[in-house]
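This is entry.cif. It holds mmCIF, C-alpha atoms and all ligand atoms.
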data_protein
#
loop_
_atom_site.label_atom_id
_atom_site.label_comp_id
_atom_site.auth_asym_id
_atom_site.auth_seq_id
_atom_site.Cartn_x
_atom_site.Cartn_y
_atom_site.Cartn_z
CA MET J 1 -14.15 -22.90 -3.99
CA THR J 2 -11.82 -21.98 -6.83
CA TYR J 3 -11.80 -18.34 -7.88
CA ASP J 4 -11.14 -17.13 -11.41
CA PHE J 5 -8.29 -14.66 -11.78
CA GLU J 6 -8.10 -15.00 -15.56
CA GLU J 7 -11.35 -13.19 -16.33
CA ILE J 8 -10.89 -10.06 -18.44
CA ILE J 9 -13.10 -7.28 -17.14
CA ASP J 10 -13.40 -4.19 -19.32
CA ARG J 11 -13.30 -1.29 -16.88
CA ARG J 12 -13.45 1.44 -19.50
CA GLY J 13 -16.43 3.69 -18.95
CA THR J 14 -16.70 2.85 -15.23
CA ASP J 15 -15.08 6.12 -14.10
CA CYS J 16 -12.12 4.23 -12.68
CA TYR J 17 -8.90 6.16 -12.10
CA LYS J 18 -6.83 3.65 -14.00
CA HIS J 19 -8.56 4.38 -17.31
CA GLU J 20 -10.04 7.84 -16.84
CA LEU J 21 -6.70 9.47 -16.08
CA LEU J 22 -4.68 7.77 -18.81
CA GLU J 23 -4.97 10.66 -21.24
CA LYS J 24 -3.86 13.07 -18.54
CA VAL J 25 -0.85 11.11 -17.27
CA CYS J 26 0.22 9.27 -20.43
CA GLY J 27 -1.09 11.54 -23.13
CA ARG J 28 -2.81 8.54 -24.76
CA THR J 29 -5.33 5.83 -23.97
CA ASP J 30 -4.07 2.94 -26.12
CA VAL J 31 -1.96 1.59 -23.25
CA LEU J 32 -2.32 -1.28 -20.78
CA PRO J 33 -3.19 0.31 -17.43
CA MET J 34 -0.64 -1.22 -15.04
CA TRP J 35 -0.26 1.71 -12.71
CA VAL J 36 -2.87 2.74 -10.05
CA ALA J 37 -2.76 0.20 -7.21
CA ASP J 38 -6.06 -1.58 -7.60
CA MET J 39 -6.46 -5.01 -9.16
CA GLU J 40 -7.89 -6.24 -12.43
CA TYR J 41 -9.35 -9.15 -10.44
CA ARG J 42 -13.08 -9.14 -9.76
CA THR J 43 -13.88 -8.00 -6.22
CA PRO J 44 -14.92 -11.24 -4.48
CA ALA J 45 -18.64 -12.03 -4.31
CA PHE J 46 -18.64 -12.22 -0.51
CA VAL J 47 -17.84 -8.48 -0.56
CA THR J 48 -20.27 -7.44 -3.29
CA ASP J 49 -22.97 -9.57 -1.61
CA ALA J 50 -22.47 -7.61 1.60
CA VAL J 51 -22.98 -4.38 -0.37
CA GLN J 52 -26.08 -5.77 -2.10
CA LYS J 53 -27.54 -6.81 1.23
CA ARG J 54 -27.22 -3.28 2.59
CA LEU J 55 -28.65 -1.80 -0.60
CA GLY J 56 -31.61 -4.11 -0.21
CA GLN J 57 -32.67 -2.47 3.04
CA GLY J 58 -33.93 0.48 0.98
CA ILE J 59 -32.69 3.38 3.11
CA LEU J 60 -29.06 4.44 3.09
CA GLY J 61 -29.12 6.13 6.47
CA TYR J 62 -26.33 6.84 8.95
CA THR J 63 -24.86 3.52 9.96
CA ARG J 64 -22.57 2.74 12.86
CA PRO J 65 -19.91 0.08 13.26
CA THR J 66 -21.15 -2.85 15.31
CA ALA J 67 -19.37 -4.97 17.89
CA ALA J 68 -19.01 -7.62 15.18
CA TYR J 69 -16.98 -5.19 13.04
CA PHE J 70 -14.50 -4.52 15.85
CA GLN J 71 -14.33 -8.19 16.75
CA ALA J 72 -13.60 -9.18 13.14
CA ILE J 73 -10.59 -6.81 13.15
CA CYS J 74 -9.39 -8.20 16.51
CA ASP J 75 -9.75 -11.81 15.36
CA TRP J 76 -7.97 -11.13 12.06
CA ASN J 77 -5.05 -9.44 13.80
CA LYS J 78 -4.72 -12.39 16.13
CA SER J 79 -5.00 -15.12 13.51
CA GLU J 80 -2.96 -13.45 10.77
CA TYR J 81 -0.17 -11.70 12.68
CA GLY J 82 -0.47 -12.94 16.26
CA LEU J 83 -1.33 -9.44 17.49
CA ASP J 84 -3.60 -9.22 20.54
CA ILE J 85 -5.84 -6.17 20.41
CA THR J 86 -9.18 -5.21 21.92
CA PRO J 87 -12.06 -3.27 20.33
CA GLU J 88 -11.37 0.02 22.13
CA MET J 89 -7.96 0.16 20.41
CA ILE J 90 -9.61 0.46 16.98
CA ASN J 91 -11.10 3.45 15.22
CA TYR J 92 -12.56 3.57 11.70
CA ILE J 93 -10.77 6.06 9.44
CA PRO J 94 -11.75 7.11 5.92
CA GLY J 95 -8.70 5.66 4.17
CA VAL J 96 -5.12 5.05 5.20
CA VAL J 97 -3.85 8.28 3.65
CA SER J 98 -6.51 10.18 5.61
CA GLY J 99 -5.22 8.35 8.69
CA ILE J 100 -1.72 9.67 8.00
CA TYR J 101 -3.14 13.16 7.49
CA MET J 102 -5.03 13.04 10.79
CA SER J 103 -1.99 11.69 12.66
CA MET J 104 0.01 14.58 11.30
CA LEU J 105 -2.62 17.06 12.50
CA ALA J 106 -2.98 15.39 15.89
CA PHE J 107 0.73 15.08 16.71
CA THR J 108 2.57 17.82 14.83
CA GLU J 109 2.47 21.55 14.24
CA LYS J 110 3.29 23.57 11.15
CA HIS J 111 7.03 23.44 10.32
CA ASP J 112 7.57 20.30 12.42
CA ARG J 113 9.72 17.64 10.83
CA ILE J 114 8.32 14.34 9.60
CA LEU J 115 10.66 11.60 8.43
CA ILE J 116 9.95 9.22 5.57
CA LEU J 117 12.16 6.55 3.99
CA GLU J 118 12.54 7.38 0.29
CA PRO J 119 11.65 6.16 -2.28
CA VAL J 120 8.18 5.64 -0.84
CA TYR J 121 4.47 5.87 -1.70
CA HIS J 122 4.22 9.54 -2.73
CA PRO J 123 1.41 10.78 -0.41
CA PHE J 124 3.85 10.22 2.49
CA ARG J 125 5.67 13.24 1.10
CA LEU J 126 2.82 15.16 -0.51
CA VAL J 127 0.43 15.23 2.45
CA PRO J 128 2.89 16.77 4.96
CA GLN J 129 4.27 19.14 2.33
CA ALA J 130 0.77 20.37 1.50
CA ASN J 131 0.28 21.07 5.19
CA GLU J 132 3.47 23.04 5.74
CA ARG J 133 5.38 20.32 7.57
CA GLU J 134 9.04 19.81 6.78
CA VAL J 135 9.57 16.41 5.18
CA VAL J 136 12.89 14.76 5.99
CA MET J 137 13.59 12.28 3.21
CA SER J 138 15.90 9.67 4.64
CA PRO J 139 17.14 7.57 1.72
CA LEU J 140 16.97 3.81 1.62
CA ARG J 141 20.04 2.11 0.22
CA ARG J 142 19.82 -0.04 -2.87
CA GLY J 143 21.12 -3.45 -1.79
CA GLU J 144 21.79 -6.48 -3.90
CA THR J 145 18.21 -7.67 -4.09
CA ASN J 146 16.10 -4.74 -2.90
CA PHE J 147 16.09 -1.44 -1.02
CA GLU J 148 17.53 -1.60 2.50
CA LEU J 149 17.55 0.53 5.62
CA ASP J 150 20.61 2.68 6.17
CA PHE J 151 20.57 2.96 9.96
CA GLU J 152 23.57 5.24 10.16
CA ARG J 153 21.84 7.78 7.96
CA PHE J 154 18.47 7.19 9.64
CA GLU J 155 19.88 7.93 13.10
CA GLN J 156 21.17 11.27 11.82
CA ASP J 157 18.02 12.19 9.94
CA ILE J 158 15.56 11.35 12.72
CA LYS J 159 17.05 13.93 15.06
CA GLY J 160 14.61 16.79 15.59
CA CYS J 161 11.70 14.95 13.95
CA LYS J 162 8.30 14.68 15.64
CA MET J 163 6.93 11.90 13.50
CA MET J 164 7.98 9.12 11.18
CA VAL J 165 5.70 7.60 8.58
CA LEU J 166 6.76 4.01 8.03
CA CYS J 167 5.57 1.81 5.18
CA ASN J 168 5.43 -1.78 6.48
CA PRO J 169 5.63 -3.63 4.10
CA HIS J 170 7.30 -0.98 2.00
CA ASN J 171 5.86 0.36 -1.26
CA PRO J 172 7.57 0.45 -3.74
CA GLY J 173 9.95 -2.50 -3.65
CA GLY J 174 7.70 -4.70 -1.53
CA VAL J 175 10.20 -4.94 1.34
CA CYS J 176 9.06 -6.70 4.51
CA TRP J 177 11.03 -5.14 7.35
CA THR J 178 12.28 -7.74 9.81
CA ALA J 179 11.37 -7.76 13.50
CA ASP J 180 14.96 -6.77 14.32
CA GLU J 181 14.87 -3.80 11.95
CA LEU J 182 11.52 -2.67 13.31
CA ARG J 183 12.78 -3.04 16.90
CA ARG J 184 15.76 -0.89 16.05
CA ILE J 185 13.55 1.78 14.45
CA ALA J 186 11.33 1.70 17.55
CA SER J 187 14.24 2.08 19.92
CA ILE J 188 15.68 5.06 18.00
CA CYS J 189 12.29 6.74 17.64
CA LYS J 190 11.42 6.23 21.31
CA ARG J 191 14.72 7.78 22.34
CA GLU J 192 14.11 10.77 20.03
CA GLY J 193 10.48 11.26 21.10
CA VAL J 194 9.11 10.40 17.66
CA VAL J 195 5.60 9.04 17.01
CA VAL J 196 5.62 6.32 14.34
CA VAL J 197 2.70 6.06 11.96
CA SER J 198 2.95 2.58 10.49
CA ASP J 199 1.05 2.24 7.23
CA GLU J 200 0.39 -1.49 7.00
CA ILE J 201 -2.06 -1.52 4.12
CA HIS J 202 -0.02 -4.16 2.26
CA CYS J 203 0.27 -6.43 5.31
CA ASP J 204 -2.14 -9.12 4.09
CA MET J 205 -0.23 -9.71 0.88
CA LEU J 206 3.03 -11.26 1.97
CA LEU J 207 4.51 -13.53 -0.67
CA GLY J 208 6.62 -16.67 -0.44
CA GLY J 209 4.90 -17.89 2.72
CA ARG J 210 6.12 -14.96 4.83
CA ARG J 211 4.20 -13.72 7.86
CA HIS J 212 3.63 -10.02 8.53
CA VAL J 213 5.29 -8.43 11.56
CA PRO J 214 3.25 -5.46 12.83
CA PHE J 215 5.50 -2.61 13.94
CA ALA J 216 3.51 -2.24 17.19
CA SER J 217 4.21 -5.87 18.09
CA VAL J 218 8.00 -5.87 18.14
CA SER J 219 8.71 -4.30 21.56
CA ASP J 220 7.21 -2.27 24.39
CA GLU J 221 8.91 0.76 22.88
CA ALA J 222 7.20 0.18 19.55
CA ARG J 223 3.86 -0.38 21.26
CA SER J 224 4.15 2.94 23.10
CA ILE J 225 4.78 5.09 19.97
CA ALA J 226 2.81 3.30 17.22
CA ILE J 227 -0.23 4.40 15.28
CA THR J 228 -0.99 1.42 13.04
CA LEU J 229 -3.08 1.92 9.92
CA GLN J 230 -4.69 -1.08 8.25
CA ALA J 231 -7.31 -1.70 5.57
CA PRO J 232 -8.57 -4.73 3.65
CA THR J 233 -9.15 -2.57 0.58
CA LYS J 234 -5.95 -3.35 -1.35
CA THR J 235 -5.92 -7.06 -0.60
CA PHE J 236 -9.55 -7.68 -1.52
CA ASN J 237 -9.81 -5.04 -4.25
CA LEU J 238 -12.39 -2.66 -2.80
CA PRO J 239 -10.54 0.67 -2.39
CA GLY J 240 -13.56 2.52 -3.80
CA ILE J 241 -15.46 1.55 -0.63
CA VAL J 242 -13.08 3.61 1.53
CA ALA J 243 -12.72 1.44 4.61
CA ALA J 244 -9.70 1.59 6.87
CA HIS J 245 -8.95 1.60 10.58
CA ALA J 246 -6.36 2.86 13.00
CA ILE J 247 -5.13 0.66 15.82
CA VAL J 248 -3.42 2.30 18.77
CA LEU J 249 -2.27 0.11 21.64
CA ASP J 250 -0.91 2.82 23.91
CA GLU J 251 -3.67 4.46 25.93
CA LYS J 252 -2.31 8.01 26.01
CA LEU J 253 -1.49 8.04 22.32
CA ARG J 254 -4.87 6.56 21.59
CA GLU J 255 -6.75 9.17 23.60
CA ARG J 256 -5.08 11.97 21.69
CA TYR J 257 -5.45 10.42 18.24
CA PHE J 258 -8.98 9.13 18.61
CA ALA J 259 -10.10 12.42 20.17
CA TYR J 260 -8.85 14.11 17.02
CA VAL J 261 -10.46 11.61 14.64
CA GLN J 262 -13.77 11.63 16.48
CA GLY J 263 -13.71 15.34 17.20
CA SER J 264 -13.38 16.13 13.53
CA ASP J 265 -16.21 13.71 12.67
CA MET J 266 -13.86 11.73 10.43
CA ASP J 267 -14.98 8.38 11.82
CA LEU J 268 -18.55 8.53 10.59
CA GLY J 269 -17.80 5.80 8.09
CA ASN J 270 -20.01 4.77 5.24
CA ILE J 271 -22.87 2.37 5.19
CA PHE J 272 -21.01 -0.30 3.19
CA ALA J 273 -17.59 -0.08 4.81
CA PHE J 274 -18.22 -1.96 8.04
CA ASP J 275 -19.94 -4.94 6.39
CA CYS J 276 -17.23 -5.14 3.74
CA VAL J 277 -14.48 -5.25 6.35
CA ARG J 278 -16.26 -8.07 8.15
CA ALA J 279 -16.73 -9.97 4.90
CA CYS J 280 -13.01 -9.74 4.10
CA TYR J 281 -11.74 -10.64 7.55
CA SER J 282 -13.31 -14.08 7.44
CA ASP J 283 -12.55 -17.67 6.44
CA GLN J 284 -13.80 -16.89 2.95
CA GLY J 285 -11.48 -13.90 2.83
CA ARG J 286 -8.55 -16.04 3.90
CA GLU J 287 -9.28 -18.55 1.15
CA TRP J 288 -9.68 -15.90 -1.58
CA LYS J 289 -6.52 -14.13 -0.43
CA ALA J 290 -4.46 -17.33 -0.61
CA GLN J 291 -5.60 -17.99 -4.17
CA MET J 292 -5.11 -14.36 -5.19
CA LEU J 293 -1.57 -14.30 -3.80
CA ALA J 294 -0.72 -17.53 -5.61
CA HIS J 295 -1.85 -15.86 -8.84
CA VAL J 296 0.18 -12.72 -8.14
CA GLU J 297 3.22 -14.88 -7.39
CA GLY J 298 2.74 -16.61 -10.72
CA ASN J 299 2.72 -13.23 -12.48
CA VAL J 300 5.84 -12.07 -10.64
CA ARG J 301 7.62 -15.29 -11.57
CA LEU J 302 6.53 -14.98 -15.20
CA LEU J 303 7.74 -11.39 -15.36
CA CYS J 304 11.13 -12.21 -13.81
CA GLU J 305 11.71 -15.30 -15.93
CA ARG J 306 10.69 -13.72 -19.20
CA MET J 307 12.66 -10.53 -18.56
CA ALA J 308 15.79 -12.51 -17.68
CA ALA J 309 15.44 -14.58 -20.86
CA GLU J 310 14.19 -11.98 -23.33
CA CYS J 311 15.05 -8.54 -22.00
CA PRO J 312 17.87 -8.66 -19.44
CA GLN J 313 18.27 -4.87 -19.51
CA ILE J 314 15.12 -4.69 -17.36
CA VAL J 315 15.40 -6.32 -13.94
CA PRO J 316 12.30 -6.64 -11.76
CA ILE J 317 12.88 -6.51 -8.00
CA VAL J 318 11.19 -9.61 -6.61
CA PRO J 319 8.74 -8.22 -4.03
CA GLU J 320 8.38 -9.85 -0.63
CA ALA J 321 4.85 -8.46 -0.47
CA SER J 322 2.04 -7.11 -2.62
CA PHE J 323 1.36 -6.86 -6.34
CA LEU J 324 3.49 -3.85 -7.21
CA VAL J 325 6.78 -4.71 -8.85
CA PHE J 326 9.53 -2.08 -8.95
CA ILE J 327 11.42 -2.73 -12.14
CA ASP J 328 14.97 -1.58 -12.54
CA CYS J 329 15.32 0.04 -15.96
CA ARG J 330 18.56 1.89 -15.27
CA ALA J 331 20.43 -0.16 -17.86
CA LEU J 332 18.23 1.40 -20.56
CA GLY J 333 20.18 4.60 -19.88
CA MET J 334 17.18 6.88 -20.34
CA GLY J 335 16.29 10.08 -18.53
CA THR J 336 13.01 10.16 -16.62
CA ASP J 337 10.88 11.85 -19.28
CA GLU J 338 12.37 9.74 -22.03
CA MET J 339 11.61 6.58 -20.08
CA ILE J 340 8.00 7.57 -19.37
CA ARG J 341 7.49 8.32 -23.08
CA PHE J 342 9.23 5.11 -24.08
CA PHE J 343 6.92 2.90 -22.02
CA ALA J 344 3.79 4.82 -23.04
CA ASP J 345 4.55 5.42 -26.73
CA LYS J 346 6.61 2.36 -27.66
CA ALA J 347 5.60 -0.35 -25.18
CA HIS J 348 2.05 1.00 -24.77
CA ILE J 349 1.99 0.43 -21.04
CA ALA J 350 1.08 2.86 -18.27
CA MET J 351 3.25 2.40 -15.18
CA ASN J 352 4.25 4.67 -12.33
CA PRO J 353 7.67 6.25 -12.87
CA GLY J 354 9.99 5.57 -9.94
CA VAL J 355 10.78 9.26 -9.44
CA MET J 356 7.20 9.77 -8.37
CA PHE J 357 8.21 7.99 -5.15
CA GLY J 358 11.06 10.39 -4.59
CA PRO J 359 14.84 10.42 -4.81
CA GLY J 360 16.23 6.93 -5.29
CA GLY J 361 13.38 6.02 -7.62
CA GLU J 362 15.15 7.35 -10.72
CA GLY J 363 15.56 4.71 -13.40
CA TYR J 364 12.73 2.52 -12.05
CA MET J 365 9.14 1.97 -13.09
CA ARG J 366 6.45 0.45 -10.85
CA MET J 367 4.29 -2.19 -12.47
CA ASN J 368 0.99 -3.44 -11.07
CA VAL J 369 0.86 -7.18 -11.77
CA ALA J 370 -2.53 -8.00 -10.22
CA CYS J 371 -4.04 -8.94 -13.57
CA PRO J 372 -4.98 -11.98 -15.67
CA ARG J 373 -2.03 -13.98 -17.03
CA SER J 374 -2.97 -13.04 -20.60
CA MET J 375 -2.61 -9.33 -19.79
CA MET J 376 0.68 -10.01 -18.06
CA ASN J 377 2.02 -11.85 -21.09
CA GLN J 378 0.79 -9.11 -23.39
CA ALA J 379 2.55 -6.46 -21.29
CA ILE J 380 5.79 -8.44 -21.35
CA ASP J 381 5.49 -9.02 -25.13
CA GLN J 382 5.06 -5.28 -25.64
CA ILE J 383 8.02 -4.35 -23.45
CA VAL J 384 10.30 -6.93 -25.08
CA ALA J 385 9.32 -5.77 -28.58
CA ALA J 386 9.80 -2.10 -27.69
CA VAL J 387 13.26 -2.70 -26.20
CA LYS J 388 14.31 -4.78 -29.22
CA GLU J 389 13.18 -2.10 -31.65
CA ARG J 390 15.03 0.67 -29.84
C1 LIG J 401 1.42 2.30 1.17
C2 LIG J 401 0.05 2.76 0.79
N1 LIG J 401 -0.70 3.43 1.69
C3 LIG J 401 -1.94 3.86 1.39
C4 LIG J 401 -2.49 3.63 0.15
C5 LIG J 401 -3.87 4.15 -0.14
O1 LIG J 401 -4.72 3.85 0.92
P1 LIG J 401 -6.14 4.52 1.05
O2 LIG J 401 -6.81 4.39 -0.27
O3 LIG J 401 -6.81 3.74 2.14
O4 LIG J 401 -5.90 5.94 1.45
C6 LIG J 401 -1.75 2.96 -0.82
C7 LIG J 401 -2.28 2.75 -2.17
O5 LIG J 401 -1.63 2.34 -3.07
C8 LIG J 401 -0.46 2.49 -0.48
O6 LIG J 401 0.30 1.82 -1.35
#
Go ahead and render the structure in this file as structure tokens.
Ligand SMILES: Cc1ncc(COP(=O)(O)O)c(C=O)c1O
Amino acid sequence: MTYDFEEIIDRRGTDCYKHELLEKVCGRTDVLPMWVADMEYRTPAFVTDAVQKRLGQGILGYTRPTAAYFQAICDWNKSEYGLDITPEMINYIPGVVSGIYMSMLAFTEKHDRILILEPVYHPFRLVPQANEREVVMSPLRRGETNFELDFERFEQDIKGCKMMVLCNPHNPGGVCWTADELRRIASICKREGVVVVSDEIHCDMLLGGRRHVPFASVSDEARSIAITLQAPTKTFNLPGIVAAHAIVLDEKLRERYFAYVQGSDMDLGNIFAFDCVRACYSDQGREWKAQMLAHVEGNVRLLCERMAAECPQIVPIVPEASFLVFIDCRALGMGTDEMIRFFADKAHIAMNPGVMFGPGGEGYMRMNVACPRSMMNQAIDQIVAAVKER
């Protein structure tokens, strides 16, 4: 079956974040919404059919995850990343960010230190800060093609930390950490007594034929300190369903974390979540995902080629994973506020400013390219025209 990624779907009036918050964040609504990380692609029918089927039963009562739900997650982990897990290692969580929050509550106390690699997805910083943890922002280094780990700095910064929240693959920048890098992180964290929460929500969207390496899989040390958080919601465009799961291979770690999740009743789930996860982690899901990724790759290529030819001041970082492109706008020489206003008022595009992801993000904007080609071309046209007029 061939899926259509060129369909224009008007989401205005559907209460979606991407449109409803434009006025608040951009001060205007006449902009292309290329910010919040959900896709402009239609959620695949095998997912919406699963929802319809549940609706059809007529009563939306409490619903529990079945053995088939756990098995689908085990099978997917084995087939997609070669990771062997068993059902008791899995617990439903209401979103990956909630999973980070619960890990923080289960394994740290107030004023404990939690390390993150900046720039990174902002809730990594905001959630611990809101809960009176000390956030240690260990900077990534800007390398020739993308952000890179600075192990010397990391080894210093990790001292005294109780937890690290890792983004694997990394958002923004779309970096896929190598097995060697992950092994090194694991060895340092094990030595320092640090629990690693590995947010792997982007792990099904590796580009260029790459294969995801789960942090927990790289060594016995990694296995013994890893809380892995996964969800099909980004890849298959159903984040509104709120379906994620934690995987913990180490028994002791698992007992503590799952006791917390279950004890706080955070694993109740919702009636649609379990069926949707099963629908995604299937042969149909694999097929849709391959076609979706090919489309995203086409958009990334288009963006890079057209920027190089028509607007060389703006340099997109080619992501190794996912549909979020960190674009280097430093050559425009604008301050943060000026740049935000420039893209909103002159280019008429809503993107996430790099500073939102912390130090190191200055001078960048994050663009969501999971959209029809026509929208992508329109966005590029608008950027090129705005830069030329400057
Ligand atoms: C790295 C990362 N983690 C988590 C999330 C959000 O996950 P959830 O909606 O399951 O909390 C996002 C969304 O963009 C993300 O990029």
Hey, can I get the axis-aligned box for ligand LIG 401 (chain J)? All listed atoms, 3 Å padding on each side, centre and edge lengths in Å to one decimal, as JSON.
{"center_x": -2.7, "center_y": 3.9, "center_z": -0.5, "size_x": 14.2, "size_y": 10.1, "size_z": 11.2}
| From the set J:Arg341, J:Lys388, J:Arg125, J:Arg301, which residue has the shortest atom-to-atom contact distance to ligand LIG 401 (chain J), counting all atoms listed in the file? |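 Closest to ligand LIG 401 (chain J) of all the choices is J:Arg125.
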Closest atom pairs, chain J residues within 6 Å of ligand LIG 401 (chain J), all atoms listed in the file, as JSON lines:
{"residue": "J:Ala37", "atom": "CA", "partner": "J:LIG401", "partner_atom": "O5", "distance": 4.8}
{"residue": "J:Gly95", "atom": "CA", "partner": "J:LIG401", "partner_atom": "O3", "distance": 3.4}
{"residue": "J:Val96", "atom": "CA", "partner": "J:LIG401", "partner_atom": "O3", "distance": 3.7}
{"residue": "J:Val97", "atom": "CA", "partner": "J:LIG401", "partner_atom": "O4", "distance": 3.8}
{"residue": "J:Ser98", "atom": "CA", "partner": "J:LIG401", "partner_atom": "O4", "distance": 6.0}
{"residue": "J:Tyr121", "atom": "CA", "partner": "J:LIG401", "partner_atom": "C1", "distance": 5.5}
{"residue": "J:Cys167", "atom": "CA", "partner": "J:LIG401", "partner_atom": "C1", "distance": 5.8}
{"residue": "J:Asn171", "atom": "CA", "partner": "J:LIG401", "partner_atom": "C1", "distance": 5.4}
{"residue": "J:Asp199", "atom": "CA", "partner": "J:LIG401", "partner_atom": "N1", "distance": 5.9}
{"residue": "J:Ile201", "atom": "CA", "partner": "J:LIG401", "partner_atom": "N1", "distance": 5.7}
{"residue": "J:Pro239", "atom": "CA", "partner": "J:LIG401", "partner_atom": "O2", "distance": 5.7}
{"residue": "J:Ala244", "atom": "CA", "partner": "J:LIG401", "partner_atom": "O3", "distance": 5.9}
Take the residues just selected and output them with C-alpha atoms as a PDB file, in the coordinates of the input.
ATOM      1  CA  ALA J  37      -2.760   0.200  -7.210  1.00  0.00           C
ATOM      2  CA  GLY J  95      -8.700   5.660   4.170  1.00  0.00           C
ATOM      3  CA  VAL J  96      -5.120   5.050   5.200  1.00  0.00           C
ATOM      4  CA  VAL J  97      -3.850   8.280   3.650  1.00  0.00           C
ATOM      5  CA  SER J  98      -6.510  10.180   5.610  1.00  0.00           C
ATOM      6  CA  TYR J 121       4.470   5.870  -1.700  1.00  0.00           C
ATOM      7  CA  CYS J 167       5.570   1.810   5.180  1.00  0.00           C
ATOM      8  CA  ASN J 171       5.860   0.360  -1.260  1.00  0.00           C
ATOM      9  CA  ASP J 199       1.050   2.240   7.230  1.00  0.00           C
ATOM     10  CA  ILE J 201      -2.060  -1.520   4.120  1.00  0.00           C
ATOM     11  CA  PRO J 239     -10.540   0.670  -2.390  1.00  0.00           C
ATOM     12  CA  ALA J 244      -9.700   1.590   6.870  1.00  0.00           C
TER      13      ALA J 244
END
| task | Extract, using all atoms listed in the file, all DNA, RNA and protein residues at most 9 Å from stretch 227-233 of chain J, discarding same-chain residues fewer than 5 positions from it, and format them as an NGL selection string. | result | :J and (38 or 93 or 95-97 or 99-100 or 103 or 195-204 or 214-216 or 238-250 or 253-254 or 257 or 276-277 or 280-281)
| How many Å lie between atom CA of J:Pro172 and atom CA of J:Ile314, rounded to one decimal? | 16.4 Å
| query | What separation in Å, quoted to one decimal, exists between atom CA of J:Met1 and atom CA of J:Asn299? | reply |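 Straight-line distance from atom CA of J:Met1 to atom CA of J:Asn299 works out to 21.2 Å.
Between atom CA of J:Lys234 and atom CA of J:Asp220 there is a distance of 28.9 Å.
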For the contact check between stretch 240-333 of chain J and stretch 175-194 of chain J, emit one row per residue of stretch 240-333 of chain J within 7 Å, containing the shortest atom pair and the distance in Å rounded to one decimal, counting all atoms listed in the file, chain then rising number order, as CSV.
residue,atom,partner,partner_atom,distance
J:Pro319,CA,J:Val175,CA,6.5
J:Glu320,CA,J:Val175,CA,5.6
J:Ala321,CA,J:Val175,CA,6.7
| Given all atoms listed in the file as the counted atoms, nearest of J:Val47, J:Met39, J:Ile340, J:Val218 to J:Asp275 | J:Val47
| query | If we count only C-alpha atoms, what is near J:Ile327 at a cut-off of 6 Å, once residues fewer than 4 positions away on the same chain are taken out, given as a list in words? | reply |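 Within the cut-off, the hits are Val315, Pro316, Ile317, Tyr364 and Met365 of chain J.
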| Nearest residue to J:Ser282 from the set J:Cys16, J:Cys74, J:Ala106, J:Leu303 (distances using only C-alpha atoms) | J:Cys74
| query | Which residue out of J:Met339, J:Met376, J:Val300, J:Cys371 has the minimum interatomic distance to J:Arg390 when all atoms listed in the file are used? | reply |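 Closest candidate: J:Met339.
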| request: With only C-alpha atoms counted, which protein, DNA or RNA residues have an atom no more than 12 Å from (-20.6, -0.5, 7.6) in the file frame? Please answer as a VMD selection string. | output: chain J and resid 47 50 to 51 53 to 55 60 to 70 92 to 94 241 to 244 267 to 279
| message | Ranking J:Asp10, J:Glu148, J:Asp283, J:Glu155 by minimum distance to J:Pro33 and counting only C-alpha atoms, which one comes first? | response |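 The answer is J:Asp10, which sits nearest to J:Pro33.
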| Distance criterion (all atoms listed in the file): nearest to J:Ala344 out of J:Phe357, J:Phe258, J:Tyr3, J:Trp35 |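 Closest candidate: J:Trp35.
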| task | Place a sphere of radius 12 Å on (0.1, -13.0, 17.7) in the file coordinates and name every protein, DNA or RNA residue with an atom inside or on its surface, counting only C-alpha atoms; give the answer as a count of residues only. | result | 19
| said: Which residues are close to J:Asp112, i.e. within 9 Å by all atoms listed in the file, leaving aside same-chain residues fewer than 6 positions away? Reply as a PyMOL selection string. | reply: chain J and resi 132-135+160-163
Starting from the incomplete input, reconstruct N, CA and C atoms of stretch 237-244 of chain J and write that as a CSV table (one decimal), in the frame of the given file.
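Output saved as part23.csv:
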chain,number,residue,atom,x,y,z
J,237,ASN,N,-9.4,-5.9,-3.1
J,237,ASN,CA,-9.8,-5.0,-4.2
J,237,ASN,C,-11.1,-4.3,-4.1
J,238,LEU,N,-11.2,-3.5,-3.0
J,238,LEU,CA,-12.4,-2.7,-2.8
J,238,LEU,C,-12.0,-1.3,-2.3
J,239,PRO,N,-10.9,-0.6,-2.9
J,239,PRO,CA,-10.5,0.7,-2.4
J,239,PRO,C,-11.6,1.7,-2.6
J,240,GLY,N,-12.5,1.5,-3.6
J,240,GLY,CA,-13.6,2.5,-3.8
J,240,GLY,C,-14.6,2.6,-2.6
J,241,ILE,N,-14.5,1.6,-1.8
J,241,ILE,CA,-15.5,1.6,-0.6
J,241,ILE,C,-15.0,2.5,0.5
J,242,VAL,N,-13.7,2.7,0.5
J,242,VAL,CA,-13.1,3.6,1.5
J,242,VAL,C,-13.3,3.1,2.9
J,243,ALA,N,-12.6,2.1,3.3
J,243,ALA,CA,-12.7,1.4,4.6
J,243,ALA,C,-11.3,1.2,5.2
J,244,ALA,N,-11.0,1.8,6.2
J,244,ALA,CA,-9.7,1.6,6.9
J,244,ALA,C,-9.9,1.8,8.4
